[in-house]
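Colleague: File data25.cif follows (mmCIF, C-alpha atoms; chains and numbers go by the auth columns):
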```
data_my_file
loop_
_atom_site.group_PDB
_atom_site.id
_atom_site.type_symbol
_atom_site.label_atom_id
_atom_site.label_comp_id
_atom_site.label_asym_id
_atom_site.label_seq_id
_atom_site.Cartn_x
_atom_site.Cartn_y
_atom_site.Cartn_z
_atom_site.B_iso_or_equiv
_atom_site.auth_seq_id
_atom_site.auth_asym_id
ATOM 1 C CA MET A 1 -111.439 -152.722 6.371 0.00 77 D
ATOM 2 C CA PRO A 2 -109.125 -155.333 4.834 0.00 78 D
ATOM 3 C CA VAL A 3 -107.523 -157.781 7.231 0.00 79 D
ATOM 4 C CA PRO A 4 -103.713 -157.377 7.318 0.00 80 D
ATOM 5 C CA GLU A 5 -101.678 -160.361 6.240 0.00 81 D
ATOM 6 C CA GLY A 6 -98.143 -161.623 6.805 0.00 82 D
ATOM 7 C CA GLY A 7 -95.875 -159.538 8.993 0.00 83 D
ATOM 8 C CA LYS A 8 -98.406 -156.714 9.153 0.00 84 D
ATOM 9 C CA ALA A 9 -100.767 -158.965 11.124 0.00 85 D
ATOM 10 C CA LEU A 10 -98.232 -159.376 13.961 0.00 86 D
ATOM 11 C CA ALA A 11 -98.526 -157.191 17.042 0.00 87 D
ATOM 12 C CA PRO A 12 -95.650 -154.743 17.687 0.00 88 D
ATOM 13 C CA PRO A 13 -93.047 -156.398 19.964 0.00 89 D
ATOM 14 C CA ILE A 14 -93.148 -153.426 22.346 0.00 90 D
ATOM 15 C CA LEU A 15 -96.627 -154.504 23.515 0.00 91 D
ATOM 16 C CA ALA A 16 -95.040 -157.551 25.159 0.00 92 D
ATOM 17 C CA ASP A 17 -93.078 -155.214 27.457 0.00 93 D
ATOM 18 C CA LEU A 18 -96.265 -154.001 29.150 0.00 94 D
ATOM 19 C CA PRO A 19 -96.842 -155.624 32.574 0.00 95 D
ATOM 20 C CA GLN A 20 -100.069 -157.624 32.508 0.00 96 D
ATOM 21 C CA THR A 21 -101.058 -157.265 36.164 0.00 97 D
ATOM 22 C CA ASP A 22 -103.785 -154.592 36.711 0.00 98 D
ATOM 23 C CA LEU A 23 -103.617 -153.682 33.007 0.00 99 D
ATOM 24 C CA ASP A 24 -106.673 -152.180 31.342 0.00 100 D
ATOM 25 C CA GLY A 25 -106.293 -153.770 27.919 0.00 101 D
ATOM 26 C CA GLN A 26 -108.763 -151.391 26.281 0.00 102 D
ATOM 27 C CA THR A 27 -106.518 -148.385 26.953 0.00 103 D
ATOM 28 C CA MET A 28 -103.399 -149.467 25.068 0.00 104 D
ATOM 29 C CA HIS A 29 -102.225 -146.974 22.463 0.00 105 D
ATOM 30 C CA TYR A 30 -99.316 -147.679 20.129 0.00 106 D
ATOM 31 C CA ALA A 31 -97.606 -144.886 18.207 0.00 107 D
ATOM 32 C CA LEU A 32 -94.883 -144.729 15.586 0.00 108 D
ATOM 33 C CA GLY A 33 -94.983 -140.977 15.073 0.00 109 D
ATOM 34 C CA ALA A 34 -95.572 -137.688 16.842 0.00 110 D
ATOM 35 C CA ALA A 35 -99.061 -137.105 15.384 0.00 111 D
ATOM 36 C CA GLY A 36 -100.355 -140.518 16.446 0.00 112 D
ATOM 37 C CA TYR A 37 -98.816 -140.199 19.897 0.00 113 D
ATOM 38 C CA ALA A 38 -100.290 -136.744 20.554 0.00 114 D
ATOM 39 C CA GLY A 39 -103.659 -137.763 19.104 0.00 115 D
ATOM 40 C CA ALA A 40 -103.846 -140.755 21.469 0.00 116 D
ATOM 41 C CA GLY A 41 -103.286 -138.534 24.513 0.00 117 D
ATOM 42 C CA GLY A 42 -99.578 -139.055 25.060 0.00 118 D
ATOM 43 C CA VAL A 43 -98.248 -138.068 28.481 0.00 119 D
ATOM 44 C CA LEU A 44 -95.031 -136.442 27.221 0.00 120 D
ATOM 45 C CA PRO A 45 -94.662 -133.748 24.582 0.00 121 D
ATOM 46 C CA ALA A 46 -94.350 -135.544 21.247 0.00 122 D
ATOM 47 C CA GLU A 47 -91.088 -133.780 20.371 0.00 123 D
ATOM 48 C CA LEU A 48 -89.530 -135.049 23.611 0.00 124 D
ATOM 49 C CA VAL A 49 -90.158 -138.710 22.765 0.00 125 D
ATOM 50 C CA GLY A 50 -87.735 -138.738 19.845 0.00 126 D
ATOM 51 C CA PHE A 51 -89.774 -140.249 17.029 0.00 127 D
ATOM 52 C CA ASP A 52 -87.382 -138.662 14.542 0.00 128 D
ATOM 53 C CA ASN A 53 -84.720 -141.058 15.897 0.00 129 D
ATOM 54 C CA GLY A 54 -86.762 -144.175 15.158 0.00 130 D
ATOM 55 C CA ALA A 55 -88.549 -144.461 18.512 0.00 131 D
ATOM 56 C CA GLU A 56 -91.884 -146.178 19.039 0.00 132 D
ATOM 57 C CA ALA A 57 -94.141 -145.784 22.073 0.00 133 D
ATOM 58 C CA VAL A 58 -96.995 -147.535 23.829 0.00 134 D
ATOM 59 C CA THR A 59 -99.235 -146.120 26.559 0.00 135 D
ATOM 60 C CA ALA A 60 -101.626 -148.031 28.822 0.00 136 D
ATOM 61 C CA ASN A 61 -103.631 -147.424 31.970 0.00 137 D
ATOM 62 C CA TYR A 62 -103.414 -149.493 35.161 0.00 138 D
ATOM 63 C CA THR A 63 -105.877 -149.748 37.982 0.00 139 D
ATOM 64 C CA LEU A 64 -103.828 -149.736 41.192 0.00 140 D
ATOM 65 C CA ARG A 65 -105.155 -149.824 44.745 0.00 141 D
ATOM 66 C CA SER A 66 -104.304 -146.223 45.510 0.00 142 D
ATOM 67 C CA GLY A 67 -105.495 -144.843 42.187 0.00 143 D
ATOM 68 C CA PRO A 68 -105.154 -145.017 38.408 0.00 144 D
ATOM 69 C CA ALA A 69 -101.721 -144.924 36.817 0.00 145 D
ATOM 70 C CA THR A 70 -100.530 -144.519 33.246 0.00 146 D
ATOM 71 C CA LEU A 71 -97.448 -146.336 31.992 0.00 147 D
ATOM 72 C CA THR A 72 -95.574 -145.076 28.957 0.00 148 D
ATOM 73 C CA ILE A 73 -92.865 -147.240 27.356 0.00 149 D
ATOM 74 C CA ILE A 74 -90.633 -145.857 24.620 0.00 150 D
ATOM 75 C CA ASP A 75 -88.444 -148.204 22.599 0.00 151 D
ATOM 76 C CA TYR A 76 -85.311 -146.789 20.927 0.00 152 D
ATOM 77 C CA PRO A 77 -83.071 -148.463 18.324 0.00 153 D
ATOM 78 C CA THR A 78 -80.071 -148.633 20.701 0.00 154 D
ATOM 79 C CA PRO A 79 -79.473 -148.414 24.475 0.00 155 D
ATOM 80 C CA GLN A 80 -77.174 -145.421 23.866 0.00 156 D
ATOM 81 C CA MET A 81 -79.991 -143.463 22.232 0.00 157 D
ATOM 82 C CA ALA A 82 -82.311 -144.464 25.064 0.00 158 D
ATOM 83 C CA ALA A 83 -79.809 -143.237 27.678 0.00 159 D
ATOM 84 C CA ALA A 84 -79.472 -139.863 25.962 0.00 160 D
ATOM 85 C CA GLN A 85 -83.245 -139.437 25.649 0.00 161 D
ATOM 86 C CA GLU A 86 -83.801 -140.599 29.233 0.00 162 D
ATOM 87 C CA THR A 87 -81.673 -137.697 30.467 0.00 163 D
ATOM 88 C CA LYS A 88 -83.860 -135.219 28.594 0.00 164 D
ATOM 89 C CA ILE A 89 -87.084 -136.787 29.852 0.00 165 D
ATOM 90 C CA ARG A 90 -85.778 -136.941 33.414 0.00 166 D
ATOM 91 C CA GLU A 91 -84.837 -133.258 33.349 0.00 167 D
ATOM 92 C CA TYR A 92 -88.266 -132.416 31.986 0.00 168 D
ATOM 93 C CA ILE A 93 -90.051 -134.422 34.695 0.00 169 D
ATOM 94 C CA LYS A 94 -87.814 -132.820 37.317 0.00 170 D
ATOM 95 C CA GLY A 95 -89.080 -129.400 36.201 0.00 171 D
ATOM 96 C CA VAL A 96 -92.657 -130.668 36.391 0.00 172 D
ATOM 97 C CA LYS A 97 -92.154 -131.866 39.951 0.00 173 D
ATOM 98 C CA GLN A 98 -90.626 -128.554 40.983 0.00 174 D
ATOM 99 C CA ALA A 99 -93.574 -126.688 39.499 0.00 175 D
ATOM 100 C CA GLY A 100 -96.002 -128.823 41.504 0.00 176 D
ATOM 101 C CA LYS A 101 -99.671 -128.424 40.599 0.00 177 D
ATOM 102 C CA GLN A 102 -99.030 -125.214 38.679 0.00 178 D
ATOM 103 C CA ALA A 103 -99.689 -126.503 35.182 0.00 179 D
ATOM 104 C CA HIS A 104 -97.940 -124.898 32.251 0.00 180 D
ATOM 105 C CA PRO A 105 -99.610 -124.386 28.879 0.00 181 D
ATOM 106 C CA GLU A 106 -96.981 -126.539 27.135 0.00 182 D
ATOM 107 C CA TRP A 107 -97.713 -129.536 29.330 0.00 183 D
ATOM 108 C CA PRO A 108 -99.887 -132.264 27.770 0.00 184 D
ATOM 109 C CA LYS A 109 -103.175 -132.667 29.614 0.00 185 D
ATOM 110 C CA PRO A 110 -102.423 -136.218 30.926 0.00 186 D
ATOM 111 C CA LEU A 111 -99.223 -134.882 32.471 0.00 187 D
ATOM 112 C CA ALA A 112 -100.897 -131.782 33.900 0.00 188 D
ATOM 113 C CA ASP A 113 -103.583 -133.959 35.521 0.00 189 D
ATOM 114 C CA SER A 114 -101.020 -136.252 37.163 0.00 190 D
ATOM 115 C CA ASP A 115 -99.831 -136.008 40.742 0.00 191 D
ATOM 116 C CA PRO A 116 -96.186 -134.779 40.528 0.00 192 D
ATOM 117 C CA VAL A 117 -95.084 -137.089 43.367 0.00 193 D
ATOM 118 C CA SER A 118 -96.124 -140.165 41.351 0.00 194 D
ATOM 119 C CA LEU A 119 -94.007 -139.258 38.319 0.00 195 D
ATOM 120 C CA GLU A 120 -90.984 -141.486 37.831 0.00 196 D
ATOM 121 C CA VAL A 121 -88.664 -142.407 34.950 0.00 197 D
ATOM 122 C CA ARG A 122 -86.611 -145.571 34.492 0.00 198 D
ATOM 123 C CA ARG A 123 -84.518 -147.056 31.689 0.00 199 D
ATOM 124 C CA SER A 124 -83.898 -150.728 30.895 0.00 200 D
ATOM 125 C CA GLY A 125 -81.724 -151.345 27.866 0.00 201 D
ATOM 126 C CA PRO A 126 -83.279 -149.508 24.901 0.00 202 D
ATOM 127 C CA LEU A 127 -86.541 -148.981 26.815 0.00 203 D
ATOM 128 C CA VAL A 128 -87.442 -145.795 28.688 0.00 204 D
ATOM 129 C CA ALA A 129 -90.502 -146.097 30.937 0.00 205 D
ATOM 130 C CA LEU A 130 -92.508 -143.319 32.592 0.00 206 D
ATOM 131 C CA VAL A 131 -95.266 -143.772 35.141 0.00 207 D
ATOM 132 C CA SER A 132 -97.788 -141.006 35.778 0.00 208 D
ATOM 133 C CA GLY A 133 -101.277 -140.641 37.272 0.00 209 D
ATOM 134 C CA ASP A 134 -102.586 -140.471 40.828 0.00 210 D
ATOM 135 C CA ALA A 135 -101.190 -143.624 42.446 0.00 211 D
ATOM 136 C CA ILE A 136 -98.972 -143.350 45.526 0.00 212 D
ATOM 137 C CA PRO A 137 -95.187 -143.352 44.850 0.00 213 D
ATOM 138 C CA ASP A 138 -94.704 -146.876 46.247 0.00 214 D
ATOM 139 C CA GLU A 139 -97.186 -148.414 43.835 0.00 215 D
ATOM 140 C CA SER A 140 -95.891 -146.316 40.946 0.00 216 D
ATOM 141 C CA HIS A 141 -92.369 -147.505 41.689 0.00 217 D
ATOM 142 C CA LYS A 142 -93.468 -151.162 41.798 0.00 218 D
ATOM 143 C CA LEU A 143 -95.255 -150.819 38.469 0.00 219 D
ATOM 144 C CA LEU A 144 -92.223 -149.188 36.897 0.00 220 D
ATOM 145 C CA ALA A 145 -89.904 -151.884 38.290 0.00 221 D
ATOM 146 C CA THR A 146 -91.796 -154.577 36.368 0.00 222 D
ATOM 147 C CA VAL A 147 -90.607 -153.172 33.031 0.00 223 D
ATOM 148 C CA HIS A 148 -87.555 -155.213 31.997 0.00 224 D
ATOM 149 C CA TYR A 149 -85.787 -155.498 28.704 0.00 225 D
ATOM 150 C CA GLU A 150 -84.696 -159.016 27.826 0.00 226 D
ATOM 151 C CA SER A 151 -82.580 -159.487 24.734 0.00 227 D
ATOM 152 C CA GLU A 152 -83.393 -162.550 22.680 0.00 228 D
ATOM 153 C CA LEU A 153 -80.407 -164.198 21.026 0.00 229 D
ATOM 154 C CA MET A 154 -81.148 -166.693 18.302 0.00 230 D
ATOM 155 C CA SER A 155 -78.522 -169.220 17.351 0.00 231 D
ATOM 156 C CA ILE A 156 -78.504 -170.203 13.694 0.00 232 D
ATOM 157 C CA PRO A 157 -77.696 -173.925 13.344 0.00 233 D
ATOM 158 C CA GLN A 158 -74.708 -174.536 11.137 0.00 234 D
ATOM 159 C CA PRO A 159 -74.293 -177.718 9.054 0.00 235 D
ATOM 160 C CA THR A 160 -71.568 -180.124 10.108 0.00 236 D
ATOM 161 C CA GLU A 161 -69.672 -179.273 6.935 0.00 237 D
ATOM 162 C CA SER A 162 -70.441 -176.211 4.857 0.00 238 D
ATOM 163 C CA GLU A 163 -70.495 -176.285 1.073 0.00 239 D
ATOM 164 C CA TYR A 164 -67.402 -174.098 0.973 0.00 240 D
ATOM 165 C CA ARG A 165 -65.418 -176.417 3.263 0.00 241 D
ATOM 166 C CA ARG A 166 -66.578 -179.462 1.321 0.00 242 D
ATOM 167 C CA ARG A 167 -65.403 -177.998 -1.982 0.00 243 D
ATOM 168 C CA ALA A 168 -62.125 -176.877 -0.446 0.00 244 D
ATOM 169 C CA SER A 169 -61.552 -180.374 0.920 0.00 245 D
ATOM 170 C CA CYS A 170 -62.222 -181.924 -2.486 0.00 246 D
ATOM 171 C CA CYS A 171 -59.836 -179.440 -4.101 0.00 247 D
ATOM 172 C CA TRP A 172 -57.033 -180.294 -1.692 0.00 248 D
ATOM 173 C CA GLU A 173 -57.611 -184.010 -2.187 0.00 249 D
ATOM 174 C CA SER A 174 -57.416 -183.598 -5.953 0.00 250 D
ATOM 175 C CA ARG A 175 -54.170 -181.649 -5.661 0.00 251 D
ATOM 176 C CA PHE A 176 -52.731 -184.331 -3.396 0.00 252 D
ATOM 177 C CA TRP A 177 -53.461 -187.181 -5.819 0.00 253 D
ATOM 178 C CA LEU A 178 -52.238 -185.140 -8.786 0.00 254 D
ATOM 179 C CA SER A 179 -48.966 -184.469 -6.990 0.00 255 D
ATOM 180 C CA LEU A 180 -48.491 -188.232 -6.599 0.00 256 D
ATOM 181 C CA ALA A 181 -48.983 -188.968 -10.312 0.00 257 D
ATOM 182 C CA PRO A 182 -45.285 -188.561 -11.355 0.00 258 D
ATOM 183 C CA ALA A 183 -44.140 -190.794 -8.492 0.00 259 D
ATOM 184 C CA ARG A 184 -46.727 -193.397 -9.452 0.00 260 D
ATOM 185 C CA ARG A 185 -45.536 -193.394 -13.077 0.00 261 D
ATOM 186 C CA PHE A 186 -41.902 -193.762 -11.977 0.00 262 D
ATOM 187 C CA CYS A 187 -42.735 -196.706 -9.732 0.00 263 D
ATOM 188 C CA TRP A 188 -44.754 -198.308 -12.536 0.00 264 D
ATOM 189 C CA HIS A 189 -41.883 -198.112 -15.046 0.00 265 D
ATOM 190 C CA PHE A 190 -39.382 -199.257 -12.436 0.00 266 D
ATOM 191 C CA PHE A 191 -41.533 -202.276 -11.635 0.00 267 D
ATOM 192 C CA TRP A 192 -41.789 -203.341 -15.270 0.00 268 D
ATOM 193 C CA ALA A 193 -38.057 -202.834 -15.787 0.00 269 D
ATOM 194 C CA ILE A 194 -37.352 -205.196 -12.895 0.00 270 D
ATOM 195 C CA GLN A 195 -39.894 -207.652 -14.247 0.00 271 D
ATOM 196 C CA GLY A 196 -38.094 -207.791 -17.585 0.00 272 D
ATOM 197 C CA ALA A 197 -34.581 -207.983 -16.125 0.00 273 D
ATOM 198 C CA VAL A 198 -35.151 -210.802 -13.657 0.00 274 D
ATOM 199 C CA PRO A 199 -35.795 -213.631 -16.189 0.00 275 D
ATOM 200 C CA HIS A 200 -32.864 -212.546 -18.301 0.00 276 D
ATOM 201 C CA CYS A 201 -30.484 -212.520 -15.354 0.00 277 D
ATOM 202 C CA ALA A 202 -31.728 -215.871 -14.096 0.00 278 D
ATOM 203 C CA ARG A 203 -30.290 -217.695 -17.160 0.00 279 D
ATOM 204 C CA LYS A 204 -26.726 -216.384 -16.608 0.00 280 D
ATOM 205 C CA PRO A 205 -24.249 -216.421 -13.768 0.00 281 D
ATOM 206 C CA ALA A 206 -23.946 -213.303 -11.717 0.00 282 D
ATOM 207 C CA SER A 207 -20.503 -212.533 -13.122 0.00 283 D
ATOM 208 C CA SER A 208 -21.806 -212.439 -16.697 0.00 284 D
ATOM 209 C CA VAL A 209 -24.614 -209.977 -16.234 0.00 285 D
ATOM 210 C CA TYR A 210 -22.619 -207.163 -17.816 0.00 286 D
ATOM 211 C CA ASP A 211 -20.764 -209.320 -20.406 0.00 287 D
ATOM 212 C CA THR A 212 -21.216 -208.358 -24.022 0.00 288 D
ATOM 213 C CA GLU A 213 -22.690 -211.064 -26.188 0.00 289 D
ATOM 214 C CA PHE A 214 -20.759 -212.052 -29.354 0.00 290 D
ATOM 215 C CA ILE A 215 -20.848 -214.779 -31.960 0.00 291 D
ATOM 216 C CA SER A 216 -17.934 -217.213 -32.006 0.00 292 D
ATOM 217 C CA LEU A 217 -17.003 -219.797 -34.631 0.00 293 D
ATOM 218 C CA ASN A 218 -15.613 -223.048 -33.316 0.00 294 D
ATOM 219 C CA LEU A 219 -13.235 -223.930 -36.168 0.00 295 D
ATOM 220 C CA LYS A 220 -11.091 -227.006 -35.803 0.00 296 D
ATOM 221 C CA ASP A 221 -7.946 -227.776 -37.742 0.00 297 D
#
```
For this file, write the structure as structure tokens.
Modeller:
Amino acid sequence: MPVPEGGKALAPPILADLPQTDLDGQTMHYALGAAGYAGAGGVLPAELVGFDNGAEAVTANYTLRSGPATLTIIDYPTPQMAAAQETKIREYIKGVKQAGKQAHPEWPKPLADSDPVSLEVRRSGPLVALVSGDAIPDESHKLLATVHYESELMSIPQPTESEYRRRASCCWESRFWLSLAPARRFCWHFFWAIQGAVPHCARKPASSVYDTEFISLNLKD
């Protein structure tokens, strides 16, 4: 068989939610659909898991002191979907406990072979966990309590100044200098006007600055 590459070679993240203590690694079964789950000996009826809502499930066996136990973890897209499905699973398990050892034809064989007192359901975030088998309730409860959902938040580093902000800053700077161009031209012309007037005024008294120049003939009798 060809070796998967890229993302296909990565293990499903749900496998990391399995407790490692007393785990029989050779008994892990991962399922993305009803057929695969039922074919791998799923504890719950496949239609009760909710694969049509995007669920995925993993099942594994544990060797506890009081007996073997099977842990089923179902991962749903959202905690709200998990809460709704947990209610259905809990009601189903409640009916199994009330029936006791009287197995029903619709029960999957792993569920029918389990001790009803060891059945327990728990939800943590989008995860719904079910423990079954023959272990005593205390050990089943401890195994179930080790299933925790931990959300991983990844912070994306942002540059000190984004490209958009840099361009906006350059645009505002350009507008600022363009707005100063008329004032700069006025000051330039004013400066040169003063430069030209000062030497001319320096050769005349202050009272004659506005006198009109005229040509006079000094004629003597």
Colleague: Mind telling me what the PyMOL selection byres ((chain D and resi 125) around 12) catches here, as a short mmCIF file (atom, residue, chain, number, x, y, z; two decimals) with C-alpha atoms, in the frame of the given file?
Modeller:
```cif
data_model
loop_
_atom_site.label_atom_id
_atom_site.label_comp_id
_atom_site.auth_asym_id
_atom_site.auth_seq_id
_atom_site.Cartn_x
_atom_site.Cartn_y
_atom_site.Cartn_z
CA ALA D 107 -97.61 -144.89 18.21
CA LEU D 108 -94.88 -144.73 15.59
CA GLY D 109 -94.98 -140.98 15.07
CA ALA D 110 -95.57 -137.69 16.84
CA ALA D 111 -99.06 -137.10 15.38
CA TYR D 113 -98.82 -140.20 19.90
CA ALA D 114 -100.29 -136.74 20.55
CA GLY D 118 -99.58 -139.06 25.06
CA VAL D 119 -98.25 -138.07 28.48
CA LEU D 120 -95.03 -136.44 27.22
CA PRO D 121 -94.66 -133.75 24.58
CA ALA D 122 -94.35 -135.54 21.25
CA GLU D 123 -91.09 -133.78 20.37
CA LEU D 124 -89.53 -135.05 23.61
CA GLY D 126 -87.74 -138.74 19.84
CA PHE D 127 -89.77 -140.25 17.03
CA ASP D 128 -87.38 -138.66 14.54
CA ASN D 129 -84.72 -141.06 15.90
CA GLY D 130 -86.76 -144.18 15.16
CA ALA D 131 -88.55 -144.46 18.51
CA GLU D 132 -91.88 -146.18 19.04
CA ALA D 133 -94.14 -145.78 22.07
CA VAL D 134 -97.00 -147.54 23.83
CA THR D 148 -95.57 -145.08 28.96
CA ILE D 149 -92.86 -147.24 27.36
CA ILE D 150 -90.63 -145.86 24.62
CA ASP D 151 -88.44 -148.20 22.60
CA TYR D 152 -85.31 -146.79 20.93
CA MET D 157 -79.99 -143.46 22.23
CA ALA D 158 -82.31 -144.46 25.06
CA ALA D 160 -79.47 -139.86 25.96
CA GLN D 161 -83.24 -139.44 25.65
CA GLU D 162 -83.80 -140.60 29.23
CA THR D 163 -81.67 -137.70 30.47
CA LYS D 164 -83.86 -135.22 28.59
CA ILE D 165 -87.08 -136.79 29.85
CA ARG D 166 -85.78 -136.94 33.41
CA TYR D 168 -88.27 -132.42 31.99
CA LEU D 203 -86.54 -148.98 26.82
CA VAL D 204 -87.44 -145.79 28.69
CA ALA D 205 -90.50 -146.10 30.94
CA LEU D 206 -92.51 -143.32 32.59
#
```
Colleague: Quick check on the file I pasted: which residues fall under the PyMOL selection byres ((chain D and resi 142) around 12)? Write them as an NGL selection string.
Modeller: :D and (138-141 or 143-145 or 194 or 209-216)
Colleague: How many Å lie between CA of Asp191 (chain D) and CA of Thr135 (chain D), rounded to one decimal?
Modeller: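 One can read the CA of Asp191 (chain D) to CA of Thr135 (chain D) distance as 17.4 Å.
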Colleague: For Ile169 (chain D), which residue out of D:Gln102, D:Thr97, D:Gln156, D:Ser208 is the nearest one, using only C-alpha atoms?
Modeller: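 Nearest candidate to Ile169 (chain D) out of D:Gln102, D:Thr97, D:Gln156, D:Ser208: D:Ser208.
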Colleague: What is the distance between CA of Val193 (chain D) and CA of Met104 (chain D), in Å to one decimal?
Modeller: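 CA of Met104 (chain D) lies at a distance of 23.6 Å from CA of Val193 (chain D).
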Colleague: Which distance in Å separates CA of Asn137 (chain D) and CA of Glu226 (chain D), to one decimal?
Modeller: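 Computed distance, CA of Asn137 (chain D) to CA of Glu226 (chain D), equals 22.6 Å.
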Colleague: Can you tell me, as a ChimeraX atom specification, which residues sit within 8 Å of (-101.1, -128.9, 40.2) in the file's frame, using all atoms listed in the file?
Modeller: /D:175-179,188-192
Colleague: Would you mind telling me which residue in D:Glu182, D:Ser200, D:Val207, D:Thr222 lies nearest to Gln96 (chain D) when using all atoms listed in the file?
Modeller: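 Comparing D:Glu182, D:Ser200, D:Val207, D:Thr222 against Gln96 (chain D), the winner is D:Thr222.
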Colleague: For Ala136 (chain D), which residue among D:Lys185, D:His105, D:Lys173, D:Arg199 is the nearest when counting all atoms listed in the file?
Modeller: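 Looking only at the distances to Ala136 (chain D), the closest residue turns out to be D:His105.
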Colleague: Check the smallest atom-to-atom distance from each of D:Leu187, D:Tyr225, D:Ala159, D:His217 to Pro89 (chain D) using all atoms listed in the file, then report the winner.
Modeller: D:Tyr225
Colleague: Check the smallest atom-to-atom distance from each of D:Pro202, D:Lys218, D:Gln174, D:Gly117 to Asp93 (chain D) using all atoms listed in the file, then report the winner.
Modeller: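 Nearest candidate to Asp93 (chain D) out of D:Pro202, D:Lys218, D:Gln174, D:Gly117: D:Pro202.
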Colleague: Could you add whatever atoms are missing so that region 203-215 of chain D carries N, CA and C atoms, then write the result as a compact mmCIF listing (two decimals), keeping the file's coordinate frame?
Modeller:
```txt
# COMPACT_ATOMS: atom_id res chain seq x y z
N LEU D 203 -85.20 -149.41 26.39
CA LEU D 203 -86.54 -148.98 26.82
C LEU D 203 -86.45 -147.87 27.86
N VAL D 204 -87.28 -146.85 27.69
CA VAL D 204 -87.44 -145.79 28.69
C VAL D 204 -88.90 -145.81 29.12
N ALA D 205 -89.14 -145.99 30.42
CA ALA D 205 -90.50 -146.10 30.94
C ALA D 205 -90.80 -144.92 31.85
N LEU D 206 -92.03 -144.44 31.77
CA LEU D 206 -92.51 -143.32 32.59
C LEU D 206 -93.85 -143.70 33.18
N VAL D 207 -93.99 -143.54 34.49
CA VAL D 207 -95.27 -143.77 35.14
C VAL D 207 -95.82 -142.43 35.61
N SER D 208 -97.10 -142.24 35.38
CA SER D 208 -97.79 -141.01 35.78
C SER D 208 -99.17 -141.39 36.30
N GLY D 209 -99.94 -140.39 36.75
CA GLY D 209 -101.28 -140.64 37.27
C GLY D 209 -101.41 -140.18 38.71
N ASP D 210 -102.28 -140.87 39.45
CA ASP D 210 -102.59 -140.47 40.83
C ASP D 210 -102.24 -141.54 41.85
N ALA D 211 -101.54 -142.58 41.48
CA ALA D 211 -101.19 -143.62 42.45
C ALA D 211 -100.10 -143.11 43.39
N ILE D 212 -100.01 -143.75 44.57
CA ILE D 212 -98.97 -143.35 45.53
C ILE D 212 -97.60 -143.74 44.97
N PRO D 213 -96.52 -143.07 45.40
CA PRO D 213 -95.19 -143.35 44.85
C PRO D 213 -94.76 -144.81 44.97
N ASP D 214 -95.12 -145.48 46.09
CA ASP D 214 -94.70 -146.88 46.25
C ASP D 214 -95.29 -147.77 45.16
N GLU D 215 -96.56 -147.60 44.87
CA GLU D 215 -97.19 -148.41 43.84
C GLU D 215 -96.69 -148.03 42.44
```
